[in-house]
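Inspection log for the structure reproduced underneath, given as C-alpha cells.
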Amino acid sequence: MGMDILMLSRIQFALNIGFHYLYPPISIGLGLMLCIMEGMYLKTKNPKYKEMTSFWIKIFALTFAIGVATGLVQAFAFGTNWSRYSRFVGDVFGSALAAEGIFAFFLESGFLGVLLFGWDRVGPKLHYFSTICVTLGAHFSAVWIVVANSWMQTPAGHTIVDSPTGPRAVITDFWAMVFNPSAMDRLLHVLVACWLTGAFFVISVAAYYLLRGKHLVIARSMMHVGIVTAFICCLLQLLSGDSSARIAAKYQPAKLAAFEGNFVTQEYTPASVIGWVDGERVHSISIPGLLSFMTYRNFKQPVMGLDQIPRDEWPNVPLVFQTYHIMVLMWGVMFLIALFGFWHWWRGTLEKRRWLLWAMVYGVGLPHIAQQAGWISAEVGRQPWIVWKILRTSEGVSKSVSAGQLFGSITMFLMIYILLLCLFLFLLNLKIKHGPEEVVDTVTQYRERSP
Amino acid sequence: MTLEAMWYVVIGASVMFYVILDGFDLGVGALHLLAKDDHQRRLLLNSIGPVWDGNEVWIVIVVGGLFAGFPDVYASLLSGFYTLIMVLLMGLMFRAAAIEFRSKHESKGWRSLWDGVFSLASILVAFLLGLMLGNVIQGIPLDATQDFVGTFSDFFRPYSILVGITAIALFSMHGSIYLAMKTEGEAHDLVRRWILPSIFFFFLCYLATTIATIIIVPHMTQFLSDFPLLIVVPILALIAIINVPYQIRKKQDGWAFISSSVAIILLLSLFAFGTFPILVLSTLEPQTHSLTIYNTASSHSTLKTLLIFAAIGIPLILCYGFFVYRTFRGKVKLDRTSY
C-alpha cells in the first residue's frame with residue numbers, strides 16, 4: 001500500500017504542477033511582450049501599439065487568473081501530500097517559497113489591477129510602470145521557485161541536523177543555498193523558455209490574422225516583435241541548454257546518463273538524436289563522441305554511464321530519455337520556424353509563405369510541449385531522490401493521507417483542470433476571433449487633459 | 001521577544017490582513033446572489049475587481065510563512081486537514097474562475113451559472129476557513145510524530161461548525177459595509193438594506209461562539225485569569241462591533257468599515273492570546289504532542305533571514321497596496337475594461 005500512496009502522490013503532484021505550468025510561462029513571456037509593445041507605444045505614440053497592448057492585456061488577464069488559481073494549489077501541495085518532505089526541508093525550501101510570496105506575488109497581483117483596469121485612472125507612464133511591475137513580479141516568482149527546485153537537484157549551503165521528529169536540513173549559508181550550483185543556469189533556461197512561449201503565442205496570433213487577411217497593420221507589428229524575440233531566444237536557449245547539461249554532468253551524472261540513455265561508460269560517448277530504450281539498451285540514431293564533446297569539449301573523454309551507478313539509484317530511464325529528446329526536438333522545430341520566419345520577414349516575403357504562416361499558427365504549442373517534457377525529464381531524472389542524494393522521494397510522502405483520499409483528490413483536480421482548460425480555450429478562441437479593438441490614444445489624450 | 005515569537009507575530013499580522021482584505025471580497029461573494037440584475041451584479045463584482053487577487057495573496061503568505069518558519073505546523077496541519085484543504089482549493093479555484101469568466105461571454109445562462117458558482121464558492125471558502133480555525137482551537141488528534149490520526153468526521157464537531165458559520169456571518173457583514181462604501185445611487189440603497197440583517201446575524205453568531213467558547217473550550221479563556229488586564233480586549237471587540245450599526249446609521253460607511261476591521265483584529269487577537277504559544281493543540285496528549293512555536297520552529301538563522309525578508313518586504317507590500325487602493329478609490333463605475 002505504501003508504494004501505491006507514493007505513486008498516487010507523485011501522480012497528483014505531476015498533474016497539479018503540469019497543469020499549472022501551462023500558464024506561468026505565458027504570463028512571464030507575454031509580460032515581456034507587453035513591456036515591449038507598451039514601450040513602443042510610449043515611444044512612438046502610434047495607436048496601433050496601444051491596440052496591440054490592450055488586446056494582449058485581455059489575454060494576459062485570462063491566463064493570469066488561471067495561473068493564480070492553479071498556483072494556489074502548489075502553496076499547499078507540499079504540506080498536504082509531502083509532509084515528511086516539508087518537515088525535512090522547511091528551513092531551506094520554505095524560505096525560498098516565503099521569499100517568493102513576499103517579493104513576487106504582491107508585486108504581480110497588486111499591480112495587475114492597475115494593468116487591467118487602470119488605463120483611464122492613471123497616466124500612461126504610471127500604467128507602463130505597472131506593466132513592468134507585473135512582469136518583474138512574474139520573473140521574481142520564477143527566480144525563487146527555480147532556486148528552490150534547483151536546491152533539490154544540487155543542494156548546497158545547508159547541513160543535516162537531528163530533531164525529535166527526525167533529521168532535517170538547516171541553512172548554514174543562505175546565499176550558497178540561493179546560488180546553488182545549478183540554480184542560475186536552470187533559471188536562465190526556464191526564463192528563456194518562457195520568453196519563447198510568449199513570442200510564439202504572439203507569432204501564432206499574428207500569423208492567423210495574416211492568413212485571414214484581418215487586422216493586417218497590427219498583425220505585422222506583432223509578427224515583428226514576436227519573430228525577433230523568438231529568434232534571439234532560440235539562440236540563447238542553445239547556449240543555456242548546453243550549460244545546464246554540463247552542470248548535470250558534473251553534479252547529477254545519473255540524470256545526464258538517463259537523458260541520453262547512456263548505459264555504458266566508454267570513450268567517444270555517443271549522443272542519440274532519436275530512438276528508444278529497451279531494457280538496458282538503447283536503440284537510436286546516434287552520433288559517436290557527441291556526448292563526450294558536449295560535456296567535456298573533447299570527443300574522447302568518457303561520460304559516466306549508468307553502469308557506474310547503483311541500480312536502485314536509477315531513474316525511469318525510458319521516460320527520462322524520451323521526454324528529454326522531445327524537448328530537444330521541439331527546440332529544433334522552433335528554431336527552424338524562427339529561422340525561416342526571420343529570414344522571410346527580413347526579406348519581406350513572409351506573407352507569401354502560407355505554409356510557414358500555418359506552421360507558426362500551430363507553433364504556439366511547441367514551447368508548451370518542450371517545457372512539459374523538459375520538466376518531466378528534470379524531475380523524473382532526479383528520482384529516486386526528492387532531494388538529490390539526501391532524501392528519497394519515498395521518505396517524503398505524507399503518512400496520514402490514505403489512498404482513498406488521494407483517489408478522491410486526483411479525480412477532483414482532473415475534473416477541474418479539464419473544465420478550466422476547456423473554458424480557457426473557448427474564451428481564448430473568442431478573444432482571438434474578436435481581435436484587437438480601436439482604442440483611444442491615451443498619451444495624446446492625457447497630454448491634452450493635463451498640460 | 002524570541003525570534004519564534006517575532007515570526008509568530010508576522011504570521012499573525014498576515015492572518016489579520018488576510019481576514020480583513022479577503023474577508024470583504026469573500027463577503028461580497030456571499031451576498032452576490034442578493035443583487036437583482038446583471039448591472040448590479042457587475043457593480044458588486046467590479047467593486048472587488050482590481051483588488052481581490054492581491055487580497056488572496058495574503059493566504060499564500062500565511063501558508064508560506066508557516067512552511068518556512070514552522071515547518072512542522074505546515075506539514076501536520078495540511079496533511080491532517082487533507083480533505084478540507086482539497087475542498088478549500090476547489091472553492092478558491094472555482095471562485096477565481098467565476099470572477100474571471102463571468103463577464104467574458106454575454107449570455108444569460110452563462111452569467112447566472114457563474115453568479116451561482118461565485119457565491120457558493122465564497123460561502124464555502126468562508127465556512128471552511130472558520131471550520132479549520134474551530135478545529136485548531138478545539139485541537140485535533142496528533143500522535144507522537146506530530147501526524148494526524150483522526151478521521152474526517154472529527155472535523156465536524158458542533159463548536160467547529162459554529163465557528164464556520166460565524167466566519168460566514170463576519171465576512172458577510174464586512175462585505176456589505178465595503179459595498180456600501182463603494183456603491184452609489186440605487187445599488188447603494190439596495191446594499192444598505194443588507195447591512196443591518198448581516199450585523200444582526202453576526203452578532204447572534206458572535207454571542208453563541210463566545211458562550212460556547214467559555215463552556216466547551218475553557219482553556220481559551222485561561223489568559224484572562226493570568227493577565228486580568230487583557231479583559232479590555234473582548235470589551236473593545238464588543239464596542240467595535242456595536243459601533244458598526246451606529247456608524248451606519250450616521251451614514252459614515254468608511255468609519256463602519258474601519259470599526260468592522262478593528263473588530264476582526266481584536267477577535268483574532270483573542271484567539272492568539274487564548275492559544276499562544278501553541279499553534280496546534282493535540283487532543284491526545286496536549287502537554288507533549290501539541291505543536292508550539294518552540295518545538296516546530298526553523299533554525300534561528302533561518303528565522304533571522306525570514307524576519308529580514310519581512311522587514312524589507314512588508315513595507316513594500318503596504319506601499320503597493322496603498323497605491324492600488326488609492327488608484328481605485330471612490331465609488332465603483334463600470335467602464336470598458338470592467339468585468
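Every chain in the C-alpha cells takes a letter, A first, then B, and so on in the order presented; its residues are numbered from 1, and the ligands are numbered from 1 following the presented order.
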
Check which residues of chain B sit at most 7 Å from chain A using only C-alpha atoms, and return one row each with the closest pair of atoms and their distance in Å to one decimal, ordered by chain and rising number, as a Markdown table.
```
| residue | atom | partner | partner_atom | distance |
| --- | --- | --- | --- | --- |
| B:Pro50 | CA | A:Gly113 | CA | 4.1 |
| B:Val51 | CA | A:Gly113 | CA | 6.3 |
| B:Asp53 | CA | A:Ser109 | CA | 5.9 |
| B:Gly54 | CA | A:Ser109 | CA | 4.9 |
| B:Val57 | CA | A:Phe105 | CA | 6.7 |
| B:Val60 | CA | A:Ala75 | CA | 6.5 |
| B:Ile61 | CA | A:Gly101 | CA | 5.7 |
| B:Val63 | CA | A:Ala75 | CA | 6.9 |
| B:Gly64 | CA | A:Ala98 | CA | 4.9 |
| B:Gly65 | CA | A:Ala98 | CA | 5.7 |
| B:Phe67 | CA | A:Gly94 | CA | 5.0 |
| B:Ala68 | CA | A:Gly94 | CA | 3.8 |
| B:Gly69 | CA | A:Asp91 | CA | 6.9 |
| B:Pro71 | CA | A:Gly90 | CA | 4.9 |
| B:Asp72 | CA | A:Arg87 | CA | 5.3 |
| B:Tyr74 | CA | A:Gly79 | CA | 5.7 |
| B:Ala75 | CA | A:Ser83 | CA | 4.4 |
| B:Ser76 | CA | A:Ser83 | CA | 6.8 |
| B:Leu78 | CA | A:Thr80 | CA | 4.6 |
| B:Ser79 | CA | A:Thr80 | CA | 4.0 |
| B:Gly80 | CA | A:Ser400 | CA | 6.6 |
| B:Tyr82 | CA | A:Thr80 | CA | 5.7 |
| B:Thr83 | CA | A:Gln405 | CA | 7.0 |
| B:Met86 | CA | A:Ser409 | CA | 6.6 |
| B:Leu89 | CA | A:Val73 | CA | 6.4 |
| B:Leu92 | CA | A:Ala69 | CA | 6.9 |
| B:Met93 | CA | A:Ala69 | CA | 4.9 |
| B:Ala96 | CA | A:Ala69 | CA | 6.1 |
| B:Ala97 | CA | A:Ile66 | CA | 7.0 |
| B:Glu100 | CA | A:Ala65 | CA | 6.7 |
| B:Thr145 | CA | A:Thr165 | CA | 5.9 |
| B:Asp147 | CA | A:Ser400 | CA | 6.4 |
| B:Phe148 | CA | A:Ser400 | CA | 6.0 |
| B:Val149 | CA | A:Ser400 | CA | 6.7 |
| B:Ser298 | CA | A:Asp91 | CA | 5.2 |
| B:Ser299 | CA | A:Val170 | CA | 6.6 |
| B:Thr302 | CA | A:Asp91 | CA | 6.4 |
| B:Leu306 | CA | A:Ser95 | CA | 6.9 |
| B:Phe309 | CA | A:Ala99 | CA | 6.8 |
| B:Gly313 | CA | A:Ile102 | CA | 5.7 |
| B:Ile317 | CA | A:Phe106 | CA | 6.3 |
| B:Tyr320 | CA | A:Gly110 | CA | 6.3 |
| B:Gly321 | CA | A:Gly110 | CA | 6.5 |
| B:Val324 | CA | A:Gly110 | CA | 6.6 |
| B:Thr327 | CA | A:Arg121 | CA | 6.7 |
| B:Thr337 | CA | A:Phe117 | CA | 5.6 |
| B:Ser338 | CA | A:Phe117 | CA | 6.6 |
```

Restricting it to C-alpha atoms, dump the selection as a compact mmCIF listing (two decimals), in the first residue's frame.
```
# COMPACT_ATOMS: atom_id res chain seq x y z
CA PRO B 50 -8.89 45.20 -9.12
CA VAL B 51 -8.09 44.09 -5.57
CA ASP B 53 -6.39 38.88 -6.36
CA GLY B 54 -3.90 40.81 -4.25
CA VAL B 57 -2.11 36.52 -1.79
CA VAL B 60 -0.23 32.30 0.44
CA ILE B 61 1.94 34.42 2.74
CA VAL B 63 0.88 29.27 4.38
CA GLY B 64 4.36 30.01 3.05
CA GLY B 65 5.28 31.69 6.33
CA PHE B 67 6.27 26.37 5.83
CA ALA B 68 9.41 28.45 6.28
CA GLY B 69 9.13 29.32 9.96
CA PRO B 71 7.54 23.59 9.00
CA ASP B 72 6.01 21.00 11.33
CA TYR B 74 2.63 23.38 7.92
CA ALA B 75 3.19 19.64 7.48
CA SER B 76 0.87 18.40 10.25
CA LEU B 78 -2.14 20.49 5.86
CA SER B 79 -1.73 16.73 5.76
CA GLY B 80 -4.15 16.39 8.69
CA TYR B 82 -6.20 16.95 3.76
CA THR B 83 -9.76 16.61 2.54
CA MET B 86 -8.74 19.95 -1.12
CA LEU B 89 -8.70 24.70 -3.01
CA LEU B 92 -10.83 29.05 -4.37
CA MET B 93 -10.24 27.81 -7.93
CA ALA B 96 -11.35 32.74 -9.33
CA ALA B 97 -12.72 31.14 -12.47
CA GLU B 100 -12.75 35.92 -14.47
CA THR B 145 5.37 12.03 15.41
CA ASP B 147 0.90 13.24 12.46
CA PHE B 148 -2.87 13.45 12.33
CA VAL B 149 -4.51 10.17 13.41
CA SER B 298 13.07 26.51 11.92
CA SER B 299 16.65 27.29 12.93
CA THR B 302 16.60 30.99 9.11
CA LEU B 306 12.84 35.46 7.29
CA PHE B 309 12.61 39.46 4.37
CA GLY B 313 9.07 43.11 2.01
CA ILE B 317 3.72 45.35 0.05
CA TYR B 320 1.82 48.70 -3.46
CA GLY B 321 -1.40 48.11 -1.58
CA VAL B 324 -3.59 50.22 -5.79
CA THR B 327 -5.90 54.33 -7.69
CA THR B 337 -12.21 47.36 -19.03
CA SER B 338 -14.63 46.24 -16.27
```

field: Selection near region 382-386 of chain A, 9 Å with only C-alpha atoms, sequence-local residues under 6 positions removed, as number ranges by chain
entry: A: 85, 152-153, 252, 254-255, 312-316, 392-396

Could you dump the residues just selected with C-alpha atoms as an mmCIF file, in the first residue's frame?
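Dumped to part05.cif:
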```
data_model
loop_
_atom_site.group_PDB
_atom_site.id
_atom_site.type_symbol
_atom_site.label_atom_id
_atom_site.label_comp_id
_atom_site.auth_asym_id
_atom_site.auth_seq_id
_atom_site.Cartn_x
_atom_site.Cartn_y
_atom_site.Cartn_z
ATOM 1 C CA TYR A 85 9.493 16.214 2.978
ATOM 2 C CA MET A 152 16.538 19.845 -4.613
ATOM 3 C CA GLN A 153 18.710 18.991 -7.627
ATOM 4 C CA GLN A 252 23.888 14.669 -11.393
ATOM 5 C CA ALA A 254 22.848 9.598 -13.282
ATOM 6 C CA LYS A 255 20.385 12.124 -14.632
ATOM 7 C CA ASP A 312 18.492 1.343 -7.046
ATOM 8 C CA GLU A 313 19.563 4.909 -7.840
ATOM 9 C CA TRP A 314 18.463 4.832 -11.449
ATOM 10 C CA PRO A 315 15.531 6.950 -12.534
ATOM 11 C CA ASN A 316 12.935 5.680 -15.000
ATOM 12 C CA ARG A 392 14.457 9.649 -1.084
ATOM 13 C CA THR A 393 11.071 10.517 -2.553
ATOM 14 C CA SER A 394 9.556 7.558 -0.671
ATOM 15 C CA GLU A 395 10.738 9.165 2.585
ATOM 16 C CA GLY A 396 8.997 12.446 1.835
#
```

message: I'd like the neighbourhood of Glu267 (chain A) as a PyMOL selection string, where a residue qualifies if any of its atoms comes within 9 Å (using only C-alpha atoms), though same-chain residues fewer than 6 positions away should be ignored.
response: chain A and resi 289+292+299-303

- request: For Glu184 (chain B), please output as a ChimeraX atom specification all residues within 10 Å (counting only C-alpha atoms; exclusion window: fewer than 5 positions along the same chain).
  value: /B:43,179,189-191,330-333

Restricting it to N, CA and C atoms, dump the selection as a short mmCIF file (atom, residue, chain, number, x, y, z; two decimals), in the first residue's frame.
```
data_model
loop_
_atom_site.label_atom_id
_atom_site.label_comp_id
_atom_site.auth_asym_id
_atom_site.auth_seq_id
_atom_site.Cartn_x
_atom_site.Cartn_y
_atom_site.Cartn_z
N LEU B 43 -21.66 45.61 -10.78
CA LEU B 43 -21.14 46.61 -9.85
C LEU B 43 -20.46 45.93 -8.66
N LEU B 179 -19.33 47.18 0.46
CA LEU B 179 -20.15 47.54 -0.69
C LEU B 179 -20.83 48.88 -0.51
N ASP B 189 -28.58 52.01 -2.19
CA ASP B 189 -29.78 51.84 -1.37
C ASP B 189 -30.04 50.37 -1.11
N LEU B 190 -29.86 49.56 -2.16
CA LEU B 190 -30.08 48.12 -2.01
C LEU B 190 -29.10 47.53 -1.00
N VAL B 191 -27.82 47.87 -1.19
CA VAL B 191 -26.77 47.31 -0.35
C VAL B 191 -26.97 47.69 1.12
N GLY B 330 -12.91 55.60 -4.20
CA GLY B 330 -14.18 56.17 -4.63
C GLY B 330 -15.17 55.11 -5.08
N LYS B 331 -16.32 55.59 -5.53
CA LYS B 331 -17.40 54.68 -5.91
C LYS B 331 -17.04 53.92 -7.18
N VAL B 332 -17.48 52.68 -7.24
CA VAL B 332 -17.16 51.87 -8.42
C VAL B 332 -18.01 52.32 -9.61
N LYS B 333 -17.34 52.43 -10.77
CA LYS B 333 -18.04 52.78 -12.02
C LYS B 333 -17.65 51.76 -13.07
#
```

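The spacing separating CA of Gln308 (chain A) from CA of Gly241 (chain A) amounts to 24.5 Å.
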